[in-house]
$ cat query12.cif   # mmCIF, C-alpha atoms
data_final
#
loop_
_atom_site.group_PDB
_atom_site.id
_atom_site.type_symbol
_atom_site.label_atom_id
_atom_site.label_comp_id
_atom_site.auth_asym_id
_atom_site.auth_seq_id
_atom_site.Cartn_x
_atom_site.Cartn_y
_atom_site.Cartn_z
ATOM 1 C CA GLN K 1 -52.541 0.954 -22.554
ATOM 2 C CA ASN K 2 -51.855 4.172 -20.737
ATOM 3 C CA PRO K 3 -52.676 7.288 -22.770
ATOM 4 C CA PRO K 4 -49.703 9.203 -24.191
ATOM 5 C CA LEU K 5 -48.318 11.895 -21.972
ATOM 6 C CA ALA K 6 -49.180 15.499 -22.695
ATOM 7 C CA GLY K 7 -47.021 17.537 -25.041
ATOM 8 C CA SER K 8 -45.503 19.469 -22.167
ATOM 9 C CA SER K 9 -44.431 16.241 -20.491
ATOM 10 C CA LYS K 10 -42.834 15.017 -23.703
ATOM 11 C CA MET K 11 -40.919 18.253 -24.023
ATOM 12 C CA ALA K 12 -39.795 18.028 -20.401
ATOM 13 C CA THR K 13 -38.530 14.482 -20.965
ATOM 14 C CA THR K 14 -36.629 15.563 -24.076
ATOM 15 C CA LEU K 15 -35.063 18.518 -22.280
ATOM 16 C CA LEU K 16 -34.090 16.260 -19.357
ATOM 17 C CA LEU K 17 -32.317 13.889 -21.739
ATOM 18 C CA LEU K 18 -30.461 16.773 -23.408
ATOM 19 C CA VAL K 19 -29.368 18.156 -20.039
ATOM 20 C CA GLN K 20 -28.219 14.708 -18.895
ATOM 21 C CA THR K 21 -26.221 14.221 -22.093
ATOM 22 C CA ALA K 22 -24.535 17.609 -21.791
ATOM 23 C CA LEU K 23 -23.677 17.116 -18.116
ATOM 24 C CA VAL K 24 -22.248 13.635 -18.601
ATOM 25 C CA PHE K 25 -20.046 14.590 -21.540
ATOM 26 C CA SER K 26 -18.891 17.840 -19.951
ATOM 27 C CA ALA K 27 -17.976 16.042 -16.716
ATOM 28 C CA ARG K 28 -16.026 13.180 -18.298
ATOM 29 C CA PRO K 29 -12.549 14.711 -18.849
ATOM 30 C CA ARG K 30 -12.363 16.385 -15.452
ATOM 31 C CA LEU K 31 -13.689 13.489 -13.399
ATOM 32 C CA ILE K 32 -12.052 10.504 -14.990
ATOM 33 C CA ARG K 33 -8.610 12.062 -15.071
ATOM 34 C CA ARG K 34 -8.840 13.202 -11.463
ATOM 35 C CA ALA K 35 -8.543 9.802 -9.820
ATOM 36 C CA HIS K 36 -7.141 9.969 -6.301
ATOM 37 C CA THR K 37 -7.460 8.521 -2.848
ATOM 38 C CA LEU K 38 -9.216 10.722 -0.330
ATOM 39 C CA ARG K 39 -8.530 9.016 2.978
ATOM 40 C CA ILE K 40 -7.774 5.837 4.825
ATOM 41 C CA LEU K 41 -9.935 4.899 7.788
ATOM 42 C CA ARG K 42 -8.476 2.799 10.552
ATOM 43 C CA PRO K 43 -10.696 3.322 13.579
ATOM 44 C CA GLY K 44 -9.921 1.357 16.673
ATOM 45 C CA PRO K 45 -12.603 -0.240 18.868
ATOM 46 C CA ASN K 46 -13.526 3.103 20.448
ATOM 47 C CA ALA K 47 -12.674 5.399 17.567
ATOM 48 C CA LYS K 48 -15.232 7.589 15.856
ATOM 49 C CA GLY K 49 -13.757 7.080 12.408
ATOM 50 C CA ARG K 50 -11.369 10.015 12.128
ATOM 51 C CA ALA K 51 -9.812 10.283 8.701
ATOM 52 C CA SER K 52 -6.090 10.330 8.199
ATOM 53 C CA GLN K 53 -4.385 12.678 5.804
ATOM 54 C CA PRO K 54 -5.128 12.031 2.124
ATOM 55 C CA ASP K 55 -2.749 9.800 0.257
ATOM 56 C CA GLN K 56 -0.824 10.951 -2.772
ATOM 57 C CA PRO K 57 -2.772 10.923 -6.056
ATOM 58 C CA GLU K 58 -3.297 7.564 -7.677
ATOM 59 C CA HIS K 59 -4.058 7.304 -11.378
ATOM 60 C CA LEU K 60 -6.265 4.254 -11.317
ATOM 61 C CA ALA K 61 -8.854 4.948 -13.970
ATOM 62 C CA SER K 62 -8.782 4.530 -17.660
ATOM 63 C CA GLU K 63 -10.846 6.574 -20.054
ATOM 64 C CA CYS K 64 -13.582 4.939 -22.088
ATOM 65 C CA THR K 65 -14.005 5.518 -25.766
ATOM 66 C CA CYS K 66 -16.434 8.091 -27.124
ATOM 67 C CA CYS K 67 -18.376 5.418 -28.966
ATOM 68 C CA ASP K 68 -19.019 3.541 -25.729
ATOM 69 C CA ALA K 69 -20.276 6.710 -24.067
ATOM 70 C CA ARG K 70 -22.522 7.511 -27.010
ATOM 71 C CA ARG K 71 -23.903 3.978 -27.024
ATOM 72 C CA ARG K 72 -24.898 4.285 -23.368
ATOM 73 C CA MET K 73 -26.540 7.645 -23.998
ATOM 74 C CA VAL K 74 -28.544 6.196 -26.896
ATOM 75 C CA MET K 75 -29.748 3.363 -24.643
ATOM 76 C CA GLN K 76 -30.788 5.841 -21.955
ATOM 77 C CA GLY K 77 -32.543 7.938 -24.592
ATOM 78 C CA LEU K 78 -34.549 4.958 -25.833
ATOM 79 C CA VAL K 79 -35.731 4.145 -22.330
ATOM 80 C CA GLN K 80 -36.705 7.738 -21.601
ATOM 81 C CA ALA K 81 -38.433 8.015 -24.985
ATOM 82 C CA SER K 82 -40.532 5.007 -24.007
ATOM 83 C CA LEU K 83 -41.806 6.958 -21.032
ATOM 84 C CA ALA K 84 -42.771 9.869 -23.256
ATOM 85 C CA ALA K 85 -44.586 7.451 -25.574
ATOM 86 C CA GLY K 86 -46.754 6.235 -22.699
ATOM 87 C CA LEU K 87 -45.960 2.508 -22.754
ATOM 88 C CA SER K 88 -48.251 0.233 -20.778
ATOM 89 C CA PRO K 89 -47.192 -1.089 -17.331
ATOM 90 C CA LYS K 90 -46.786 -4.561 -18.890
ATOM 91 C CA ALA K 91 -44.465 -3.186 -21.580
ATOM 92 C CA HIS K 92 -42.419 -1.345 -18.966
ATOM 93 C CA ALA K 93 -42.177 -4.528 -16.873
ATOM 94 C CA GLU K 94 -40.805 -6.407 -19.893
ATOM 95 C CA LEU K 95 -38.367 -3.587 -20.625
ATOM 96 C CA LEU K 96 -37.193 -2.956 -17.076
ATOM 97 C CA GLY K 97 -38.035 -6.170 -15.195
ATOM 98 C CA PRO K 98 -35.650 -8.544 -13.355
ATOM 99 C CA LYS K 99 -34.919 -10.671 -16.424
ATOM 100 C CA ALA K 100 -34.033 -7.662 -18.569
ATOM 101 C CA PHE K 101 -31.974 -6.192 -15.732
ATOM 102 C CA ALA K 102 -29.994 -9.424 -15.355
ATOM 103 C CA SER K 103 -29.268 -9.508 -19.075
ATOM 104 C CA CYS K 104 -28.243 -5.835 -19.048
ATOM 105 C CA MET K 105 -25.848 -6.339 -16.134
ATOM 106 C CA ALA K 106 -24.349 -9.407 -17.810
ATOM 107 C CA THR K 107 -23.722 -7.751 -21.173
ATOM 108 C CA ARG K 108 -23.340 -3.979 -20.623
ATOM 109 C CA MET K 109 -20.765 -3.643 -17.850
ATOM 110 C CA GLY K 110 -17.707 -4.817 -19.748
ATOM 111 C CA SER K 111 -16.158 -1.394 -20.287
ATOM 112 C CA TYR K 112 -16.481 -0.565 -16.596
ATOM 113 C CA GLU K 113 -14.972 -3.883 -15.497
ATOM 114 C CA ASN K 114 -12.057 -3.395 -17.886
ATOM 115 C CA SER K 115 -11.391 0.106 -16.570
ATOM 116 C CA VAL K 116 -11.193 -1.025 -12.915
ATOM 117 C CA HIS K 117 -9.674 -4.473 -13.466
ATOM 118 C CA LYS K 118 -6.208 -3.892 -12.019
ATOM 119 C CA GLU K 119 -7.417 -2.053 -8.931
ATOM 120 C CA LYS K 120 -10.152 -4.584 -8.233
ATOM 121 C CA GLU K 121 -7.658 -7.437 -8.660
ATOM 122 C CA ARG K 122 -5.393 -5.888 -5.992
ATOM 123 C CA HIS K 123 -8.346 -5.383 -3.691
ATOM 124 C CA PHE K 124 -9.389 -9.042 -3.929
ATOM 125 C CA GLU K 125 -5.811 -10.149 -3.260
ATOM 126 C CA ASN K 126 -5.729 -8.031 -0.088
ATOM 127 C CA PHE K 127 -9.060 -9.486 1.004
ATOM 128 C CA TYR K 128 -8.001 -13.112 0.506
ATOM 129 C CA ARG K 129 -4.763 -12.482 2.400
ATOM 130 C CA ALA K 130 -6.788 -11.061 5.287
ATOM 131 C CA VAL K 131 -9.170 -14.012 5.298
ATOM 132 C CA GLY K 132 -6.355 -16.549 4.993
ATOM 133 C CA ARG K 133 -4.449 -15.099 7.950
ATOM 134 C CA GLY K 134 -7.428 -15.643 10.204
ATOM 135 C CA THR K 135 -8.078 -19.232 9.121
ATOM 136 C CA VAL K 136 -6.866 -21.942 11.473
ATOM 137 C CA GLU K 137 -7.562 -24.886 9.158
ATOM 138 C CA THR K 138 -5.222 -24.066 6.290
ATOM 139 C CA SER K 139 -5.954 -27.334 4.486
ATOM 140 C CA ARG K 140 -9.618 -26.663 3.740
ATOM 141 C CA PRO K 141 -10.976 -24.275 1.088
ATOM 142 C CA LEU K 142 -12.010 -20.814 2.200
ATOM 143 C CA ARG K 143 -15.773 -20.472 2.544
ATOM 144 C CA ILE K 144 -16.630 -17.157 0.878
ATOM 145 C CA LEU K 145 -20.044 -15.571 0.408
ATOM 146 C CA GLU K 146 -20.654 -12.903 -2.230
ATOM 147 C CA VAL K 147 -23.837 -10.971 -1.519
ATOM 148 C CA GLY K 148 -25.429 -9.522 -4.643
ATOM 149 C CA ILE K 149 -23.453 -11.860 -6.884
ATOM 150 C CA GLY K 150 -25.212 -10.554 -9.990
ATOM 151 C CA PRO K 151 -23.978 -12.179 -13.216
ATOM 152 C CA GLY K 152 -20.686 -13.093 -11.541
ATOM 153 C CA PRO K 153 -18.211 -10.545 -12.933
ATOM 154 C CA ASN K 154 -15.891 -11.169 -9.963
ATOM 155 C CA MET K 155 -15.319 -14.878 -10.648
ATOM 156 C CA PRO K 156 -11.833 -14.377 -12.181
ATOM 157 C CA PHE K 157 -10.781 -12.361 -9.117
ATOM 158 C CA HIS K 158 -11.948 -15.099 -6.738
ATOM 159 C CA ALA K 159 -10.105 -17.719 -8.770
ATOM 160 C CA LYS K 160 -6.805 -15.848 -8.932
ATOM 161 C CA ALA K 161 -6.718 -14.315 -5.440
ATOM 162 C CA SER K 162 -7.673 -17.575 -3.694
ATOM 163 C CA GLU K 163 -5.217 -19.639 -5.781
ATOM 164 C CA GLY K 164 -7.979 -22.207 -6.221
ATOM 165 C CA ARG K 165 -8.622 -22.475 -2.496
ATOM 166 C CA VAL K 166 -12.237 -21.277 -2.360
ATOM 167 C CA GLU K 167 -15.801 -22.516 -2.085
ATOM 168 C CA LEU K 168 -17.977 -19.633 -3.245
ATOM 169 C CA THR K 169 -21.622 -19.097 -2.424
ATOM 170 C CA GLY K 170 -23.486 -16.360 -4.258
ATOM 171 C CA VAL K 171 -26.683 -14.726 -3.055
ATOM 172 C CA ASP K 172 -28.895 -12.522 -5.183
ATOM 173 C CA VAL K 173 -32.487 -11.380 -4.881
ATOM 174 C CA ASN K 174 -32.806 -11.674 -8.681
ATOM 175 C CA GLU K 175 -32.943 -15.362 -9.617
ATOM 176 C CA ASN K 176 -32.379 -14.472 -13.273
ATOM 177 C CA MET K 177 -28.718 -13.833 -12.395
ATOM 178 C CA GLN K 178 -28.114 -17.550 -11.729
ATOM 179 C CA PRO K 179 -27.363 -18.791 -15.274
ATOM 180 C CA PHE K 180 -24.927 -15.917 -15.907
ATOM 181 C CA ALA K 181 -23.162 -16.387 -12.557
ATOM 182 C CA THR K 182 -22.963 -20.162 -12.986
ATOM 183 C CA ALA K 183 -21.484 -19.833 -16.471
ATOM 184 C CA ASN K 184 -18.853 -17.362 -15.261
ATOM 185 C CA ALA K 185 -17.980 -19.620 -12.318
ATOM 186 C CA GLU K 186 -17.479 -22.583 -14.656
ATOM 187 C CA ALA K 187 -15.342 -20.488 -16.984
ATOM 188 C CA SER K 188 -13.115 -19.470 -14.052
ATOM 189 C CA ASP K 189 -13.112 -22.968 -12.500
ATOM 190 C CA VAL K 190 -14.584 -21.704 -9.215
ATOM 191 C CA PRO K 191 -16.662 -24.141 -7.086
ATOM 192 C CA PHE K 192 -19.941 -22.259 -6.838
ATOM 193 C CA ARG K 193 -23.521 -22.481 -5.677
ATOM 194 C CA PHE K 194 -26.274 -19.908 -6.167
ATOM 195 C CA VAL K 195 -28.830 -19.120 -3.460
ATOM 196 C CA ALA K 196 -31.798 -16.835 -3.993
ATOM 197 C CA GLY K 197 -32.115 -14.465 -1.052
ATOM 198 C CA SER K 198 -31.988 -10.949 0.304
ATOM 199 C CA ALA K 199 -28.989 -9.190 1.838
ATOM 200 C CA GLN K 200 -31.221 -8.138 4.730
ATOM 201 C CA SER K 201 -32.191 -11.727 5.571
ATOM 202 C CA LEU K 202 -29.375 -14.093 4.659
ATOM 203 C CA PRO K 203 -30.420 -17.781 4.774
ATOM 204 C CA PHE K 204 -27.273 -18.995 6.549
ATOM 205 C CA ASP K 205 -26.183 -19.929 10.079
ATOM 206 C CA ASP K 206 -24.117 -17.621 12.265
ATOM 207 C CA GLY K 207 -20.409 -17.738 11.430
ATOM 208 C CA ALA K 208 -20.950 -19.890 8.333
ATOM 209 C CA PHE K 209 -18.318 -18.102 6.216
ATOM 210 C CA ASP K 210 -14.688 -17.052 6.473
ATOM 211 C CA GLY K 211 -15.409 -13.864 4.556
ATOM 212 C CA VAL K 212 -18.062 -11.924 2.667
ATOM 213 C CA VAL K 213 -17.751 -9.807 -0.488
ATOM 214 C CA VAL K 214 -20.059 -7.110 -1.844
ATOM 215 C CA THR K 215 -19.514 -5.020 -4.969
ATOM 216 C CA HIS K 216 -22.115 -2.404 -5.886
ATOM 217 C CA VAL K 217 -24.668 -3.770 -3.417
ATOM 218 C CA LEU K 218 -24.930 -1.292 -0.530
ATOM 219 C CA CYS K 219 -26.075 1.332 -3.045
ATOM 220 C CA SER K 220 -29.264 -0.662 -3.665
ATOM 221 C CA VAL K 221 -30.375 -2.367 -0.464
ATOM 222 C CA PRO K 222 -33.309 -0.598 1.249
ATOM 223 C CA ASN K 223 -31.671 -0.726 4.680
ATOM 224 C CA PRO K 224 -27.828 -0.815 4.543
ATOM 225 C CA GLN K 225 -27.384 -1.193 8.303
ATOM 226 C CA GLU K 226 -29.697 -4.182 8.414
ATOM 227 C CA ALA K 227 -27.789 -5.784 5.538
ATOM 228 C CA LEU K 228 -24.416 -5.096 7.193
ATOM 229 C CA GLN K 229 -25.571 -6.624 10.481
ATOM 230 C CA GLU K 230 -26.621 -9.744 8.579
ATOM 231 C CA ILE K 231 -23.268 -9.857 6.799
ATOM 232 C CA SER K 232 -21.438 -9.553 10.112
ATOM 233 C CA ARG K 233 -23.590 -12.307 11.591
ATOM 234 C CA VAL K 234 -22.637 -14.907 8.977
ATOM 235 C CA ILE K 235 -18.888 -14.171 9.206
ATOM 236 C CA ARG K 236 -16.953 -16.311 11.682
ATOM 237 C CA PRO K 237 -14.867 -14.597 14.382
ATOM 238 C CA GLY K 238 -11.587 -13.473 12.832
ATOM 239 C CA GLY K 239 -13.135 -13.248 9.367
ATOM 240 C CA ALA K 240 -13.285 -10.276 7.012
ATOM 241 C CA PHE K 241 -15.718 -8.331 4.866
ATOM 242 C CA MET K 242 -14.720 -6.726 1.551
ATOM 243 C CA PHE K 243 -16.729 -3.868 0.067
ATOM 244 C CA TRP K 244 -16.419 -2.066 -3.269
ATOM 245 C CA GLU K 245 -19.121 0.554 -3.840
ATOM 246 C CA HIS K 246 -19.883 3.566 -5.994
ATOM 247 C CA VAL K 247 -20.840 6.456 -3.706
ATOM 248 C CA GLY K 248 -21.806 10.103 -3.630
ATOM 249 C CA ALA K 249 -19.056 12.553 -4.583
ATOM 250 C CA TRP K 250 -17.361 14.016 -1.503
ATOM 251 C CA ASP K 251 -15.247 16.855 -2.947
ATOM 252 C CA GLN K 252 -16.831 17.594 -6.326
ATOM 253 C CA PRO K 253 -19.871 19.858 -5.709
ATOM 254 C CA MET K 254 -21.059 19.911 -9.338
ATOM 255 C CA LEU K 255 -20.836 16.138 -9.646
ATOM 256 C CA ARG K 256 -22.760 15.749 -6.394
ATOM 257 C CA VAL K 257 -25.485 18.057 -7.736
ATOM 258 C CA GLN K 258 -25.748 15.871 -10.833
ATOM 259 C CA GLN K 259 -25.901 12.701 -8.737
ATOM 260 C CA ASP K 260 -28.651 14.146 -6.530
ATOM 261 C CA PHE K 261 -30.593 15.336 -9.582
ATOM 262 C CA PHE K 262 -30.473 12.012 -11.435
ATOM 263 C CA ASN K 263 -30.838 9.782 -8.365
ATOM 264 C CA PRO K 264 -34.625 9.274 -8.699
ATOM 265 C CA MET K 265 -34.146 8.197 -12.319
ATOM 266 C CA GLN K 266 -31.306 5.879 -11.325
ATOM 267 C CA GLN K 267 -33.470 4.259 -8.646
ATOM 268 C CA PHE K 268 -36.338 3.741 -11.087
ATOM 269 C CA PHE K 269 -34.330 2.187 -13.910
ATOM 270 C CA PHE K 270 -31.728 0.251 -11.875
ATOM 271 C CA GLU K 271 -33.697 -1.548 -9.152
ATOM 272 C CA GLY K 272 -33.327 0.991 -6.364
ATOM 273 C CA CYS K 273 -29.656 1.877 -6.955
ATOM 274 C CA ASN K 274 -28.605 5.185 -5.335
ATOM 275 C CA LEU K 275 -25.997 7.432 -6.917
ATOM 276 C CA ASN K 276 -25.410 9.503 -3.774
ATOM 277 C CA ARG K 277 -25.247 7.061 -0.849
ATOM 278 C CA ASP K 278 -22.262 7.145 1.551
ATOM 279 C CA SER K 279 -21.529 3.436 1.887
ATOM 280 C CA MET K 280 -18.187 4.024 3.619
ATOM 281 C CA GLN K 281 -19.970 5.716 6.485
ATOM 282 C CA GLN K 282 -22.519 2.903 6.633
ATOM 283 C CA VAL K 283 -19.786 0.265 7.048
ATOM 284 C CA GLN K 284 -18.033 2.399 9.618
ATOM 285 C CA LYS K 285 -21.226 2.727 11.667
ATOM 286 C CA CYS K 286 -21.901 -1.015 11.737
ATOM 287 C CA GLN K 287 -21.374 -2.437 15.224
ATOM 288 C CA GLY K 288 -20.584 -5.895 13.867
ATOM 289 C CA PHE K 289 -17.001 -4.973 12.918
ATOM 290 C CA ASP K 290 -14.248 -3.831 15.262
ATOM 291 C CA ARG K 291 -11.969 -2.355 12.572
ATOM 292 C CA VAL K 292 -12.467 -0.848 9.102
ATOM 293 C CA GLU K 293 -9.718 -0.058 6.612
ATOM 294 C CA GLY K 294 -10.929 1.817 3.586
ATOM 295 C CA ARG K 295 -10.449 4.622 1.122
ATOM 296 C CA ARG K 296 -12.340 6.765 -1.349
ATOM 297 C CA VAL K 297 -11.159 7.149 -4.933
ATOM 298 C CA TYR K 298 -12.399 8.239 -8.335
ATOM 299 C CA LEU K 299 -12.108 5.487 -10.953
ATOM 300 C CA GLY K 300 -13.973 3.795 -13.757
ATOM 301 C CA ASP K 301 -15.344 4.977 -17.086
ATOM 302 C CA ARG K 302 -18.728 6.362 -15.984
ATOM 303 C CA PRO K 303 -18.649 9.844 -14.435
ATOM 304 C CA LEU K 304 -21.792 9.632 -12.306
ATOM 305 C CA LEU K 305 -20.497 6.331 -10.880
ATOM 306 C CA SER K 306 -16.831 7.319 -10.662
ATOM 307 C CA PRO K 307 -16.671 8.141 -6.903
ATOM 308 C CA HIS K 308 -15.897 4.829 -5.165
ATOM 309 C CA ALA K 309 -15.484 3.614 -1.604
ATOM 310 C CA MET K 310 -13.609 0.385 -1.005
ATOM 311 C CA GLY K 311 -12.090 -1.400 1.933
ATOM 312 C CA ILE K 312 -11.984 -4.355 4.296
ATOM 313 C CA ALA K 313 -13.771 -4.643 7.633
ATOM 314 C CA TYR K 314 -12.621 -7.111 10.277
ATOM 315 C CA LYS K 315 -14.673 -9.084 12.769
ATOM 316 C CA ALA K 316 -13.034 -9.827 16.103
#
$ encode --input "query12.cif" --output "structure tokens"
Amino acid sequence: QNPPLAGSSKMATTLLLLVQTALVFSARPRLIRRAHTLRILRPGPNAKGRASQPDQPEHLASECTCCDARRRMVMQGLVQASLAAGLSPKAHAELLGPKAFASCMATRMGSYENSVHKEKERHFENFYRAVGRGTVETSRPLRILEVGIGPGPNMPFHAKASEGRVELTGVDVNENMQPFATANAEASDVPFRFVAGSAQSLPFDDGAFDGVVVTHVLCSVPNPQEALQEISRVIRPGGAFMFWEHVGAWDQPMLRVQQDFFNPMQQFFFEGCNLNRDSMQQVQKCQGFDRVEGRRVYLGDRPLLSPHAMGIAYKA
């Protein structure tokens, strides 16, 4: 086992936890209640992505309960306390490894999903309308790929928005997500297959899918542009790409400071996830799409993750 950390390191870890707790709780009322759309991007083929005027405020988020917030803080405290106790690399692997991460994502995201349910449902409906308009063969199911399928929290949205007209393929680098995703697909009556693979090297032919979905994926991939080029490659001409990402705050300086400060910790505990990445800009920069419609909005029940970017990109 690794020797315990020095007393000064233990104190630093404790102080870091206290600061994190204070910042998260102090930020909650201001951030969660200030949910609004920042901009809509509709660049043409030669546009540089100029932003239109902000839309009127939208109250999309719902507040979480105090007990849920406290429960998350206790979980974070236990993990950080394990660092101060000097757990062995094997113990850390068991605590933070792919299997534990899959279980955590399958069981600890319910409050977030509930808080964004209505907005995410509308977003999926818009995506399936866009994909359906570009499909010539209206009799066949839509071939949809979800990259970073995780435990399959989006299965009900696929089922409802497609009206049963979907064949869903899910890709995830973590094979431990498969049983959770399969169970959710069966519960939603969605035809589904799981494929282990990376977003930066998708194991599919060019133009194999009518559309691609990602939710909370571009925050984690090592090279977003490489992943987006792969996504564009597997979409057929006339298809669409839907993204839904938590991003860095764009008009809240104090929140952005907090995101930057806690980003290394977020990356360590959540498989490379970045709190402060600008995924909207990444999609806009991708040469594989000729048009991007998107917006930025604060929503959800978790302040550090409340800035979101969402939209649909179209392939000519």
$ residues_around --input "query12.cif" --residues "range 214-227 of chain K" --least-positions-apart "4" --cutoff "8 Å" --atoms "all atoms listed in the file" --output "number ranges by chain"
K: 146-149, 199-201, 231, 242-247, 271-275, 277, 279, 282-283, 286
$ resolve_selection --input "query12.cif" --expression "the PyMOL selection byres ((chain K and resi 308) around 9)" --output "PyMOL selection string"
chain K and resi 244-249+295-300+305-307+309-310
$ atom_distance --input "query12.cif" --atom1 "CA of Gly97 in chain K" --atom2 "CA of Pro264 in chain K"
17.1 Å
$ resolve_selection --input "query12.cif" --expression "the PyMOL selection byres ((chain K and resi 184-198) around 8)" --output "PyMOL selection string"
chain K and resi 151-153+155-156+158-159+164+166-175+178+180-183+199-203
$ residues_near_point --input "query12.cif" --point "(-19.5, -22.4, 9.6)" --cutoff "10 Å" --atoms "only C-alpha atoms" --output "list in words"
Arg143, Phe204, Asp205, Asp206, Gly207, Ala208, Phe209, Asp210, Val234, Ile235 and Arg236 of chain K
$ closest_residue --input "query12.cif" --among "K:Lys160, K:Gly132, K:Gln259, K:Gln281" --to "Lys120 in chain K" --atoms "all atoms listed in the file"
K:Lys160
$ closest_residue --input "query12.cif" --among "K:Asn114, K:Thr138, K:Gln229, K:Asn263" --to "Phe241 in chain K" --atoms "all atoms listed in the file"
K:Gln229
$ atom_distance --input "query12.cif" --atom1 "CA of Glu121 in chain K" --atom2 "CA of Arg302 in chain K"
19.1 Å
$ atom_distance --input "query12.cif" --atom1 "CA of Gly288 in chain K" --atom2 "CA of Arg233 in chain K"
7.4 Å
$ resolve_selection --input "query12.cif" --expression "the PyMOL selection byres ((chain K and resi 127) around 9)" --output "PDB file with C-alpha atoms, keeping the file's coordinate frame"
ATOM      1  CA  ARG K 122      -5.393  -5.888  -5.992  1.00  0.00           C
ATOM      2  CA  HIS K 123      -8.346  -5.383  -3.691  1.00  0.00           C
ATOM      3  CA  PHE K 124      -9.389  -9.042  -3.929  1.00  0.00           C
ATOM      4  CA  GLU K 125      -5.811 -10.149  -3.260  1.00  0.00           C
ATOM      5  CA  ASN K 126      -5.729  -8.031  -0.088  1.00  0.00           C
ATOM      6  CA  TYR K 128      -8.001 -13.112   0.506  1.00  0.00           C
ATOM      7  CA  ARG K 129      -4.763 -12.482   2.400  1.00  0.00           C
ATOM      8  CA  ALA K 130      -6.788 -11.061   5.287  1.00  0.00           C
ATOM      9  CA  VAL K 131      -9.170 -14.012   5.298  1.00  0.00           C
ATOM     10  CA  GLY K 132      -6.355 -16.549   4.993  1.00  0.00           C
ATOM     11  CA  ALA K 161      -6.718 -14.315  -5.440  1.00  0.00           C
ATOM     12  CA  GLY K 211     -15.409 -13.864   4.556  1.00  0.00           C
ATOM     13  CA  VAL K 213     -17.751  -9.807  -0.488  1.00  0.00           C
ATOM     14  CA  ALA K 240     -13.285 -10.276   7.012  1.00  0.00           C
ATOM     15  CA  PHE K 241     -15.718  -8.331   4.866  1.00  0.00           C
ATOM     16  CA  MET K 242     -14.720  -6.726   1.551  1.00  0.00           C
ATOM     17  CA  GLY K 311     -12.090  -1.400   1.933  1.00  0.00           C
ATOM     18  CA  ILE K 312     -11.984  -4.355   4.296  1.00  0.00           C
TER      19      ILE K 312
END
